[in-house]
Each structure stands twice: as C-alpha cells, then as structure tokens.
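Undergrad: Quick one: structure below, then a few questions.
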Amino acid sequence: MERYFKRKFSSTTSSSDNVGSSSVRDVGISRDVVGSSKESELQDVLANLPADPGLRPQMLDYDPNIRDEVRRAYLQKGPCQPKDHTFPQTDLSGYDRRFNVKWFDEFDWLEYSISKDAAFCLYCYLFKSNFKIGQGCSDVFTEVGFTNWKKKDKIRQHVGGVGSVHNQSRQYCVDLMNQKQHIQTVLIKQSDQARIDYRICLTASLDCVRFLLKQGLPFRGNDESDTSNNKGNYVELLQFLADHDEKVKAVVLENAPGNLKLIAPTIQKDLVNACATETIKKIIKDMDGAFFSLLVDESRDISVKEQMAVVFRYVDKRGYVIERFVGIQHVSDTTSNSLKEAIDTLFSREELSISMLRGQGYDGASNMKALVAVAKGNADVATFFTSCNSLVNIVGASCRRRDMLRDQLQKNITEALENDDLPTGRGLNQETSLKRAGDTRWNSHYGTLLSIISMFKSVVKVLKLIIEDGSTDNIGEANRSLREIQSFEFVFHLFFMRSLLGATNDLSQALQRKDQDIGNAMSLVKDCKDTLQDMRDNGFEALLDQVFSFCGKHDIEVPSMDDAYVAQWRSHRRAPRITQIHHYRVDIFIQIIEWQLAELNHRFSEVNTELLICLACLSPNDSFIAFDKQKLLRFAEFYPQEFTPRDLLALEDQLGIYIHHMRTRSEFSQLKGIGALARKMVEKELHKTFNYVYLLLTLALTLPVATASVERAFSAMNVIKGPLRNRMGDQWLSDSLLVYIEKDVFVCIDNETIMGRFQNMKTRRGQL
C-alpha cells in the first residue's frame with residue numbers, strides 16, 4: 001500500500017497485464033488496471049481508511065492521483081461522530097469540561113477523535129491542501145485538534161464568512177459529490193431508455209450476486225471466454241435469467257452496451273462489497289447503541305493465512321440475545337498486540353465506540369477441546385485416541401471399505417433381529433458409519449466412541465477381511481488395529497472415555513447454542529462437576545462390570561485384576577509393583593477424572609467469582625427463589641458508568657417493588673433462565689417500568705458464555721474459501737462470509753439500498 005503515499009502511485013500499468021476479456025467491457029475499467037495488484041492495493045487503501053480523525057494521515061501524504069478517491073470515500077462515510085461514546089472530562093481553569101454531543105446536530109461537519117479527545121473539521125481536512133499558508137487556514141481543526149470545550153464560539157469562528165477556507169472547502173465537497181457536475185457521470189448524459197436498460201441490467205446482476213452469496217457458491221469460472229461452455233456461476237446464472245426473461249435478455253451480456261455489461265471481476269466484487277456493507281450497517285442499526293460483548297477467535301484458512309473472526313453479542317429491542325458475525329481480519333500472528341490492532345481497525349472502519357463494550361471472549365476452540373486434551377495428558381489415553389483415529393482412517397479409507405462396513409453391519413443387524421437381540425421400531429437400526437472426531441467440538445469425540453461401541457462386531461469383521469484380502473498397502477495397519485481393539489485395555493478406555501465425555505456432553509451441547517446465557521452455563525458447569533465427582537467416588541465398579549460384559553460378548557481375554565501390571569514402555573525390573581486393579585482404578589480412572597475437575601475449575605473459574613454469584617440472583621427459576629437484593633446491588637456496582645450513586649439508590653427502591661410484582665404475576669412463575677425473563681418483560685412492557693432491573697438483565701445477558709458462533713464462522717469459511725478458491729483476497733472473503741453467515745439479515749435488505757451503495761462506490765471512483 002505504501003505506493004499510494006508520498007507520490008509513488010502511478011495510474012498506468014503495463015499493457016502486458018493479464019486480465020479477462022470481459023473486464024474491458026465494463027464501466028471505465030481499462031485492460032491495464034483491472035486485476036492488477038495496484039488496483040487491488042488501492043481498494044485496500046480505500047477499505048481501511050482510518051475513521052478516527054486523530055489517526056488519519058494528512059491529505060498531502062496521499063499521492064495526487066488518488067486524493068479525490070480518498071475524499072469521496074470519507075464524504076460517503078460521513079463525519080466521525082461517535083454519539084454513544086462517553087466523553088471524558090478535562091480540567092479547564094478549575095472547571096471540568098467535556099465535548100458536548102449536541103454539537104454534532106448543530107455542526108454537521110464536526111468530527112470527534114476518541115484517541116485524542118479532540119474535535120476536527122471534515123471539510124477542511126479534505127481540502128485544506130488546496131489553500132496556501134496564510135489564507136486563513138489553521139491546523140487546529142485539521143491536525144492538532146480543538147479541545148477548548150468551554151469556548152463553543154471558537155467553533156463558530158472556524159466557520160467564518162462566505163469566502164472563508166471552511167466554506168470554500170464545503171463547496172469543494174459539494175461539487176465533488178454532485179453527480180450533475182462530475183465529468184465522469186455517464187448516467188446524466190444518457191437517455192431515459194438507457195437509464196431504464198442499465199437499471200434492468202444492474203438488477204439482474206444483483207439478483208445473481210444475491211443467489212450465489214446466500215448459497216456460498218463461487219462466482220468465477222476457469223474459462224470465461226465467449227467460446228467457453230462453462231463461464232462460471234455468475235455469468236452462467238445471468239445467462240439463465242436472460243433466457244427466461246426477454247427484458248433482461250435485451251440488456252445483458254452480448255446485448256448490453258459495450259461499457260455496461262457489469263460482468264468484470266471488479267464489478268462482481270463491488271456488488272458483493274455493497275451487499276456486505278449494507279448488511280453490517282443493518283446489524284449495527286439493530287444494535288441501536290446497545291451494550292455488546294466481543295467474541296474473537298483465530299484460525300487458518302485453506303491458504304494457510306491466519307484469519308481472526310469477530311462476533312458481536314447483544315440484546316435487541318425484543319429482549320432476545322443476538323450474536324452476529326461482523327467480519328474477519330487477516331492477522332500476521334496471534335499475539336495479543338496483533339489481535340488488538342485488528343480489533344481497533346475493525347472498530348475504526350465501522351465507526352463503533354468501544355465505550356459500549358461490556359465483555360470479551362477469546363480462544364473458544366481451546367475451551368471446546370479442553371477436556372479431551374487434558375485426558376490425552378495420560379500416555380495410555382493418548383494412545384487410545386490415536387488407535388481410534390487410526391481405526392476410523394483404515395475402515396473409512398476407501399469407498400469399498402465403507403461399503404464392506406455397511407454390508408457387514410446390515411448382516412449383523414439382520415442376524416440380531418432374527419434372534420430377538422435388538423428392539424424394533426421407527427427410527428431404530430438405521431444405516432450408519434464410523435464418526436470422525438473434530439477438534440472444535442467436544443461431543444464429536446463422544447460420537448466417535450459411541451459409533452465404535454455400536455459397530456464393534458462389524459468393524460472387527462471388516463479388519464479381518466482387509467487382512468485376509470492381502471492386496472492393500474495398509475494390511476499391517478489393519479492387523480495392528482485389530483490386535484489393539486481386541487484387548488482389554490482398549491475396551492476399558494473405550495467405555496471409560498465414553499462415560500467421561502457423556503457426563504460433559506450436555507454442557508458441550510449447551511455451549512454451542514447462540515442463545516445460551518451465562519447463568520444457565522454456570523448451572524450446567526456445576527451439574528457437570530457434581531456428576532464427575534459422583535463418578536469418581538462411586539462409578540468404578542459399574543464401569544468395570546460394563547467392560548467385563550462387553551469383553552465376554554466379543555471373546556476378548558480379561559486379565560486377572562490381582563495380577564501385576566507393567567506398562568510396555570517400562571522395564572520389568574524397575575517397574576513399580578502394582579496390580580491391574582490399581583492401575584485401572586487409580587492411575588487411569590481416578591487420576592483422569594481429577595484432571596477433568598481441575599480443568600473445569602480452571603476453564604470456568606468465573607463461576608466462583610463474586611460477579612457471577614451476584615448475577616445468579618436474577619434467575620426467575622422456582623418463582624425467583626434465588627433473588628437477593630444486596631447481591632443485585634453489588635452486581636450493579638460492577639458497572640459504575642451505568643449505575644451512579646443516585647442510580648443505585650433508585651435501584652434499591654425499585655428492586656422491592658419488582659420482586660413483589662414478579663412473584664404475584666402468574667405469567668412469570670414458570671420462567672426458566674434470565675433470557676426468558678428479559679423477553680417476557682419486553683413483551684409485557686415492564687422493561688420500561690423496571691428500567692434499572694432490565695438494565696441489569698441486559699448487562700448479564702451480554703456477557704459472553706462461549707465462542708461457538710465464531711467456531712461456526714470458521715466452518716462457513718471452509719465452504720466459502722475451499723481448495724478451488726484458495727486465492728481469494730481478504731476483503732473478498734470477509735464480504736462473502738459476512739453475507740453467507742448473516743443471510744437472514746441480508747434478505748431483509750432491498751435491491752434499492754444495495755444499488756444505491758454500489759452506485760456511490762462507482763461515482764466515488766469516477767467509473768459511472
């Protein structure tokens with residue numbers, strides 16, 4: 001990007017640039033620019049312009065060839081006016097003064113810098129470079145920043161008379177954005193019929209973009225030439241619309257004017273960017289200045305680039321907890337400083353105020369796989385999971401082996417049904433296969449173990465068939481897996497880990513839900529700990545009975561529990577003298593359960609903090625049995641910006657009336673969870689009556705529970721950017737991913753809004 005600063009930019013490129021033939025037929029896009037690295041980097045410059053006026057480069061720092069594009073970009077965004085920001089106070093001559101948010105309404109050009117706590121002028125920043133020093137051009141509102149909050153008249157003085165620098169700069173801005181005076185505005189010069197034709201063409205193109213984005217499909221084709229049989233989804237879909245609508249056919253593709261085909265790659269990307277921009281605008285509008293929390297995680301995409309996904313969690317006007325994906329940001333590394341810089345860039349680009357941030361959640365993947373990872377700290381359990389992965393890979397290595405497994409399973413089911421060994425009924429005994437474990441889902445490992453247990457006999461038979469066949473390369477692996485799974489040690493670990501992960505499965509499933517509140521999560525963690533503790537104290541004998549029964553059913557040798565146990569990797573001479581029962585009960589069963597309990601205490605240590613103990617008193621369960629006025633007042637004290645000393649007194653009075661009202665209303669007696677309480681209060685309009693209590697509810701619901709929504713974003717990223725689309729740019733990927741994930745928001749945006757955004761983008765670049 002540095003080429004666009006300090007006069008290093010050149011507007012022309014070599015005629016040897018390799019671009020598609022369709023590119024040159026679009027509006028104002030020459031063959032030597034479209035697809036070039038300079039055009040791509042220019043778009044990155046425009047997409048990442050700092051919103052905070054205190055952090056912007058001066059206009060003279062940009063190359064003259066792109067200054068107008070930068071100016072249009074800032075004018076299209078409008079002045080930076082963070083109205084929801086909590087403006088800090090400054091001691092001025094013994095009095096505390098601060099920026100007045102009402103000045104935004106009086107001075108539409110006024111901007112505020114959060115980083116510098118200073119005011120700036122948008123118009124003068126953009127066009128100050130047009131005036132010579134000494135023409136009344138001050139640096140106060142363009143570089144230094146105005147901070148004398150007690151002298152509002154200085155702001156009026158900055159505006160000045162008719163011929164002032166400010167008013168001349170304002171007129172320059174009007175002229176720049178006025179399409180009638182812009183020399184490259186093609187639409188004004190066209191006839192009414194040409195405008196109608198262009199509108200039909202743009203609408204058809206946007207319809208194609210909408211369909212492809214919602215389905216997560218690629219746009220481009222390998223060969224988009226006129227002689228190609230497959231020109232890519234975008235062009236082929238546009239052709240499909242033309243074939244079924246004569247009005248569309250008359251104005252698109254070969255029937256479109258030479259410079260208005262709207263099929264070039266940059267046009268497609270601009271349409272997608274317009275869709276994404278309007279989608280995130282609608283999300284921010286729905287937030288309506290509400291408090292929100294930030295959910296962040298990072299993952300590598302198919303091209304091995306580290307991508308940071310960001311999700312906002314907030315409570316909407318109906319009282320529902322909403323989690324919205326707002327984009328991804330490429331980060332060079334995953335250090336805290338890099339993540340902070342990426343988050344700052346996102347906030348600046350979307351003009352969001354960090355003062356409304358009330359919670360942060362990071363690194364969800366490590367939470368999701370924590371319990372399995374802890375268990376793998378034991379060498380025997382780690383070996384067991386390696387054996388499971390190897391087993392799944394061997395049996396599922398080819399279609400033929402999968403068919404063998406299905407056929408063998410069907411034979412076993414038929415035989416069992418004939419012997420009345422299996423129950424019958426709707427939905428029972430369905431065709432299945434070995435389930436592969438994933439890294440970001442707790443219960444995926446649980447599913448793998450369940451499938452091995454239920455298909456054990458069939459798996460053994462398939463491994464024997466592979467060994468007997470003798471024509472495959474991994475006959476040795478099959479033989480090793482057969483020996484491993486037909487051992488008592490494997491079966492013990494299989495049933496133990498199944499019981500262990502089964503005890504945490506409900507917690508795992510609950511943390512995947514978008515609407516989970518932290519109060520319910522706290523309760524589920526406690527239940528999980530109690531279950532594990534009971535298993536540790538009383539569950540070993542029952543587990544051993546299950547293992548003995550399974551081994552007897554499948555002819556697996558069971559060692560005497562009183563015999564000495566020696567690990568394979570230990571010397572028989574130096575190994576400690578322990579029995580089989582001691583090894584399996586103490587070294588495996590008790591040790592790993594205690595590790596799990598310690599890990600849960602570490603991962604969910606917040607359940608023991610004062611904050612969450614106080615938060616639990618909001619729960620409506622069992623007719624508000626957990627209600628405690630003093631703890632709720634203490635909870636409010638954690639948020640001094642929302643609850644001043646005066647507000648705390650009002651809250652104390654309101655809580656008494658609130659709890660009496662709740663306990664005497666039948667519609668509130670059966671509620672479960674603070675999320676249901678918030679929704680019911682909004683439904684009955686009690687959120688206005690008990691405004692302080694409802695504020696406590698929204699703050700509690702905003703706190704992040706788990707980053708499951710971010711994990712889903714990475715799953716979607718694998719759909720959008722796959723092996724055949726591994727060269728997608730970061731902006732292209734983020735825009736496509738945003739619309740694909742938040743399609744329920746996107747479908748509510750009409751074509752007029754998106755086309756207006758797209759038209760402004762083209763005007764800004766001087767292409768229409």
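Following the order of the structure tokens, chains are lettered A, B, ..., residues in each are numbered from 1, and ligands are numbered from 1.
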When DSSP is applied to the backbone of this structure, which of stretch 110-321 of chain A are assigned strand (DSSP E or B)? Write them out as a list in words.
TA: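 Selection result, strand (DSSP E or B) within stretch 110-321 of chain A: Leu110, Glu111, Tyr112, Ser113, Ala118, Ala119, Phe120, Cys121, Phe146, Phe292, Ser293, Leu294, Leu295, Val296, Asp297, Glu298, Ser299, Arg300, Glu306, Gln307, Met308, Ala309, Val310, Val311, Phe312, Arg313, Tyr314, Val315 and Val321 of chain A.
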Undergrad: Nearest residue to A:Asn726 out of A:Leu450, A:Met761, A:Leu500, A:Ile302, using only C-alpha atoms?
TA: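 Counting only C-alpha atoms, the residue closest to A:Asn726 is A:Ile302.
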Undergrad: Would you mind writing down, as a PyMOL selection string, each residue of stretch 103-143 of chain A that DSSP on the backbone assigns to helix (DSSP H, G or I)?
TA: chain A and resi 103-106+122-130+140-143
Undergrad: For A:Gly447, which residue out of A:Ala564, A:Ile754, A:Val251, A:Cys388 is the nearest one, using only C-alpha atoms?
TA: A:Cys388
Undergrad: Name all residues at most 9 Å from A:Ser113 (count only C-alpha atoms; drop same-chain ones fewer than 4 positions away) and give them as a PyMOL selection string.
TA: chain A and resi 51-55+80-82+117-120+145
Undergrad: Emit the selected residues as a compact mmCIF listing (two decimals), in the first residue's frame, including N, CA, C and O atoms.
TA:
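And here is the file that came out, out_13.txt:
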# COMPACT_ATOMS: atom_id res chain seq x y z
N ALA A 51 -11.16 5.85 10.48
CA ALA A 51 -12.35 6.66 10.75
C ALA A 51 -12.04 7.74 11.78
O ALA A 51 -12.58 8.86 11.69
N ASP A 52 -11.19 7.45 12.74
CA ASP A 52 -10.84 8.41 13.79
C ASP A 52 -10.01 9.54 13.17
O ASP A 52 -8.91 9.31 12.65
N PRO A 53 -10.50 10.79 13.22
CA PRO A 53 -9.76 11.90 12.60
C PRO A 53 -8.39 12.15 13.22
O PRO A 53 -7.51 12.71 12.57
N GLY A 54 -8.19 11.71 14.45
CA GLY A 54 -6.90 11.90 15.08
C GLY A 54 -5.85 10.92 14.61
O GLY A 54 -4.67 11.08 14.91
N LEU A 55 -6.27 9.89 13.88
CA LEU A 55 -5.34 8.86 13.42
C LEU A 55 -5.12 8.90 11.91
O LEU A 55 -4.40 8.07 11.37
N CYS A 80 -17.00 11.48 11.40
CA CYS A 80 -16.89 10.54 12.51
C CYS A 80 -17.53 11.16 13.75
O CYS A 80 -16.97 12.07 14.36
N GLN A 81 -18.72 10.68 14.10
CA GLN A 81 -19.47 11.24 15.21
C GLN A 81 -19.94 10.13 16.14
O GLN A 81 -21.08 9.66 16.07
N PRO A 82 -19.07 9.65 17.02
CA PRO A 82 -19.42 8.56 17.96
C PRO A 82 -20.35 9.06 19.06
O PRO A 82 -19.92 9.34 20.18
N ASP A 117 -9.25 12.85 22.08
CA ASP A 117 -10.24 13.64 22.82
C ASP A 117 -10.25 15.07 22.27
O ASP A 117 -10.09 16.05 23.00
N ALA A 118 -10.44 15.17 20.94
CA ALA A 118 -10.38 16.47 20.27
C ALA A 118 -11.37 16.49 19.12
O ALA A 118 -11.78 15.44 18.60
N ALA A 119 -11.76 17.71 18.71
CA ALA A 119 -12.70 17.90 17.60
C ALA A 119 -11.95 18.32 16.35
O ALA A 119 -10.92 19.00 16.42
N PHE A 120 -12.50 17.92 15.18
CA PHE A 120 -11.88 18.23 13.89
C PHE A 120 -12.96 18.63 12.89
O PHE A 120 -14.15 18.40 13.11
N GLY A 145 -6.23 19.47 16.56
CA GLY A 145 -7.47 19.11 17.22
C GLY A 145 -7.93 20.18 18.18
O GLY A 145 -7.14 20.73 18.95
Undergrad: Go ahead and compute the interatomic distance for atom CA of A:Ala276 and atom CA of A:Asp197, in Å to one decimal.
TA: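 These two atoms are separated by 25.4 Å.
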Undergrad: Name the residues in contact with A:Glu742 at a cut-off of 12 Å, using only C-alpha atoms, excluding same-chain residues fewer than 3 positions from it; report them as a VMD selection string.
TA: chain A and resid 213 to 216 275 to 276 278 to 280 282 to 283 311 322 to 327 709 712 to 713 716 734 to 739 745 to 749
Undergrad: Keeping C-alpha atoms, export the residues of the selection given above as an mmCIF file, in the first residue's frame.
TA:
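Listed below is the output, selection_35.cif:
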data_model
loop_
_atom_site.group_PDB
_atom_site.id
_atom_site.type_symbol
_atom_site.label_atom_id
_atom_site.label_comp_id
_atom_site.auth_asym_id
_atom_site.auth_seq_id
_atom_site.Cartn_x
_atom_site.Cartn_y
_atom_site.Cartn_z
ATOM 1 C CA LEU A 213 -23.811 -15.299 -1.837
ATOM 2 C CA LYS A 214 -26.674 -16.979 0.002
ATOM 3 C CA GLN A 215 -25.600 -20.394 -1.294
ATOM 4 C CA GLY A 216 -21.891 -19.818 -0.691
ATOM 5 C CA CYS A 275 -24.124 -6.229 -0.067
ATOM 6 C CA ALA A 276 -21.745 -6.764 2.869
ATOM 7 C CA GLU A 278 -25.366 -2.742 3.887
ATOM 8 C CA THR A 279 -25.621 -5.977 5.886
ATOM 9 C CA ILE A 280 -23.259 -4.782 8.592
ATOM 10 C CA LYS A 282 -28.263 -3.103 9.304
ATOM 11 C CA ILE A 283 -26.661 -5.160 12.090
ATOM 12 C CA VAL A 311 -18.803 -11.749 16.531
ATOM 13 C CA ILE A 322 -28.317 -11.883 19.415
ATOM 14 C CA GLU A 323 -24.902 -12.946 18.160
ATOM 15 C CA ARG A 324 -23.865 -11.501 14.798
ATOM 16 C CA PHE A 325 -20.781 -12.182 12.727
ATOM 17 C CA VAL A 326 -19.290 -8.883 11.567
ATOM 18 C CA GLY A 327 -16.264 -9.959 9.547
ATOM 19 C CA SER A 709 -20.663 -18.636 16.918
ATOM 20 C CA ARG A 712 -19.390 -21.765 13.144
ATOM 21 C CA ALA A 713 -17.863 -18.901 11.186
ATOM 22 C CA ALA A 716 -18.513 -21.475 6.946
ATOM 23 C CA SER A 734 -14.762 -11.251 4.503
ATOM 24 C CA ASP A 735 -17.582 -9.755 2.410
ATOM 25 C CA SER A 736 -18.709 -13.135 1.075
ATOM 26 C CA LEU A 737 -18.526 -14.754 4.504
ATOM 27 C CA LEU A 738 -20.472 -11.964 6.201
ATOM 28 C CA VAL A 739 -23.414 -12.219 3.804
ATOM 29 C CA VAL A 745 -30.222 -10.066 7.803
ATOM 30 C CA PHE A 746 -29.184 -9.824 4.160
ATOM 31 C CA VAL A 747 -32.558 -10.984 2.788
ATOM 32 C CA CYS A 748 -34.235 -8.057 4.563
ATOM 33 C CA ILE A 749 -32.215 -5.507 2.558
#
Undergrad: Hey, what's within 8 Å of A:Gln239 if we count only C-alpha atoms and toss same-chain stuff fewer than 3 positions away? As a PDB file with N, CA and C atoms, in the first residue's frame, please?
TA:
ATOM      1  N   VAL A 235     -21.741 -15.585 -14.579  1.00  0.00           N
ATOM      2  CA  VAL A 235     -22.127 -15.347 -15.977  1.00  0.00           C
ATOM      3  C   VAL A 235     -23.181 -16.358 -16.420  1.00  0.00           C
ATOM      4  N   GLU A 236     -23.033 -17.622 -16.018  1.00  0.00           N
ATOM      5  CA  GLU A 236     -23.999 -18.639 -16.416  1.00  0.00           C
ATOM      6  C   GLU A 236     -25.373 -18.357 -15.817  1.00  0.00           C
ATOM      7  N   ALA A 242     -31.437 -14.324 -18.481  1.00  0.00           N
ATOM      8  CA  ALA A 242     -31.710 -13.761 -19.800  1.00  0.00           C
ATOM      9  C   ALA A 242     -32.550 -14.708 -20.650  1.00  0.00           C
ATOM     10  N   ASP A 243     -32.293 -16.000 -20.545  1.00  0.00           N
ATOM     11  CA  ASP A 243     -33.038 -16.978 -21.335  1.00  0.00           C
ATOM     12  C   ASP A 243     -34.493 -17.084 -20.914  1.00  0.00           C
ATOM     13  N   LYS A 249     -32.844 -10.198 -21.220  1.00  0.00           N
ATOM     14  CA  LYS A 249     -32.038 -10.632 -22.359  1.00  0.00           C
ATOM     15  C   LYS A 249     -31.657  -9.474 -23.261  1.00  0.00           C
ATOM     16  N   LEU A 253     -25.206  -9.057 -21.170  1.00  0.00           N
ATOM     17  CA  LEU A 253     -24.228  -9.833 -21.929  1.00  0.00           C
ATOM     18  C   LEU A 253     -24.013  -9.244 -23.319  1.00  0.00           C
TER      19      LEU A 253
END
Undergrad: Of the candidates A:Leu463, A:Ala47, A:Pro620, A:Asp139, which one gets nearest to A:Ala274 if we count only C-alpha atoms?
TA: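 Smallest distance to A:Ala274 is found for A:Ala47.
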Undergrad: For A:Val296, which residue out of A:Gln591, A:Leu391, A:Ala342, A:Asp316 is the nearest one, using only C-alpha atoms?
TA: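 Looking at the shortest contact to A:Val296, the residue is A:Ala342.
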Undergrad: Could I get the residues of stretch 305-353 of chain A with an atom no further than 12 Å from an atom of stretch 696-701 of chain A, each paired with its nearest atom pair and that distance in Å to one decimal, using only C-alpha atoms, sorted by chain and residue number, as a Markdown table?
TA:
| residue | atom | partner | partner_atom | distance |
| --- | --- | --- | --- | --- |
| A:Arg313 | CA | A:Leu701 | CA | 8.7 |
| A:Tyr314 | CA | A:Leu701 | CA | 7.6 |
| A:Val315 | CA | A:Thr698 | CA | 6.2 |
| A:Asp316 | CA | A:Thr698 | CA | 9.1 |
| A:Lys317 | CA | A:Thr698 | CA | 10.4 |
| A:Arg318 | CA | A:Thr698 | CA | 11.2 |
| A:Gly319 | CA | A:Thr698 | CA | 7.9 |
| A:Tyr320 | CA | A:Leu701 | CA | 9.1 |
| A:Val321 | CA | A:Leu701 | CA | 6.8 |
| A:Ile322 | CA | A:Leu701 | CA | 9.7 |
| A:Glu323 | CA | A:Leu701 | CA | 11.2 |
Undergrad: Limited to N, CA and C atoms, could you put the picked residues into a file as a compact mmCIF listing (two decimals), in the first residue's frame?
TA:
# COMPACT_ATOMS: atom_id res chain seq x y z
N ARG A 313 -22.13 -9.80 20.44
CA ARG A 313 -23.25 -10.36 21.23
C ARG A 313 -23.94 -9.20 21.93
N TYR A 314 -25.25 -9.09 21.76
CA TYR A 314 -26.01 -8.00 22.37
C TYR A 314 -27.46 -8.43 22.58
N VAL A 315 -28.21 -7.61 23.26
CA VAL A 315 -29.63 -7.85 23.50
C VAL A 315 -30.42 -6.86 22.65
N ASP A 316 -31.31 -7.38 21.80
CA ASP A 316 -32.05 -6.48 20.91
C ASP A 316 -33.26 -5.87 21.62
N LYS A 317 -34.04 -5.11 20.89
CA LYS A 317 -35.17 -4.39 21.48
C LYS A 317 -36.25 -5.31 21.99
N ARG A 318 -36.29 -6.56 21.50
CA ARG A 318 -37.31 -7.51 21.95
C ARG A 318 -36.86 -8.31 23.17
N GLY A 319 -35.63 -8.09 23.60
CA GLY A 319 -35.11 -8.82 24.75
C GLY A 319 -34.41 -10.11 24.39
N TYR A 320 -34.19 -10.35 23.11
CA TYR A 320 -33.51 -11.57 22.66
C TYR A 320 -32.00 -11.36 22.62
N VAL A 321 -31.27 -12.41 23.00
CA VAL A 321 -29.81 -12.37 22.88
C VAL A 321 -29.44 -12.66 21.43
N ILE A 322 -28.69 -11.78 20.82
CA ILE A 322 -28.32 -11.88 19.42
C ILE A 322 -26.80 -11.96 19.30
N GLU A 323 -26.33 -12.88 18.49
CA GLU A 323 -24.90 -12.95 18.16
C GLU A 323 -24.76 -12.81 16.65
Undergrad: Mind checking which residues fall within 8 Å of stretch 475-482 of chain A, counting only C-alpha atoms, ignoring those fewer than 6 positions away in the same chain, and posting them as a ChimeraX atom specification?
TA: /A:387,390-391,394,460,463-464,466-467
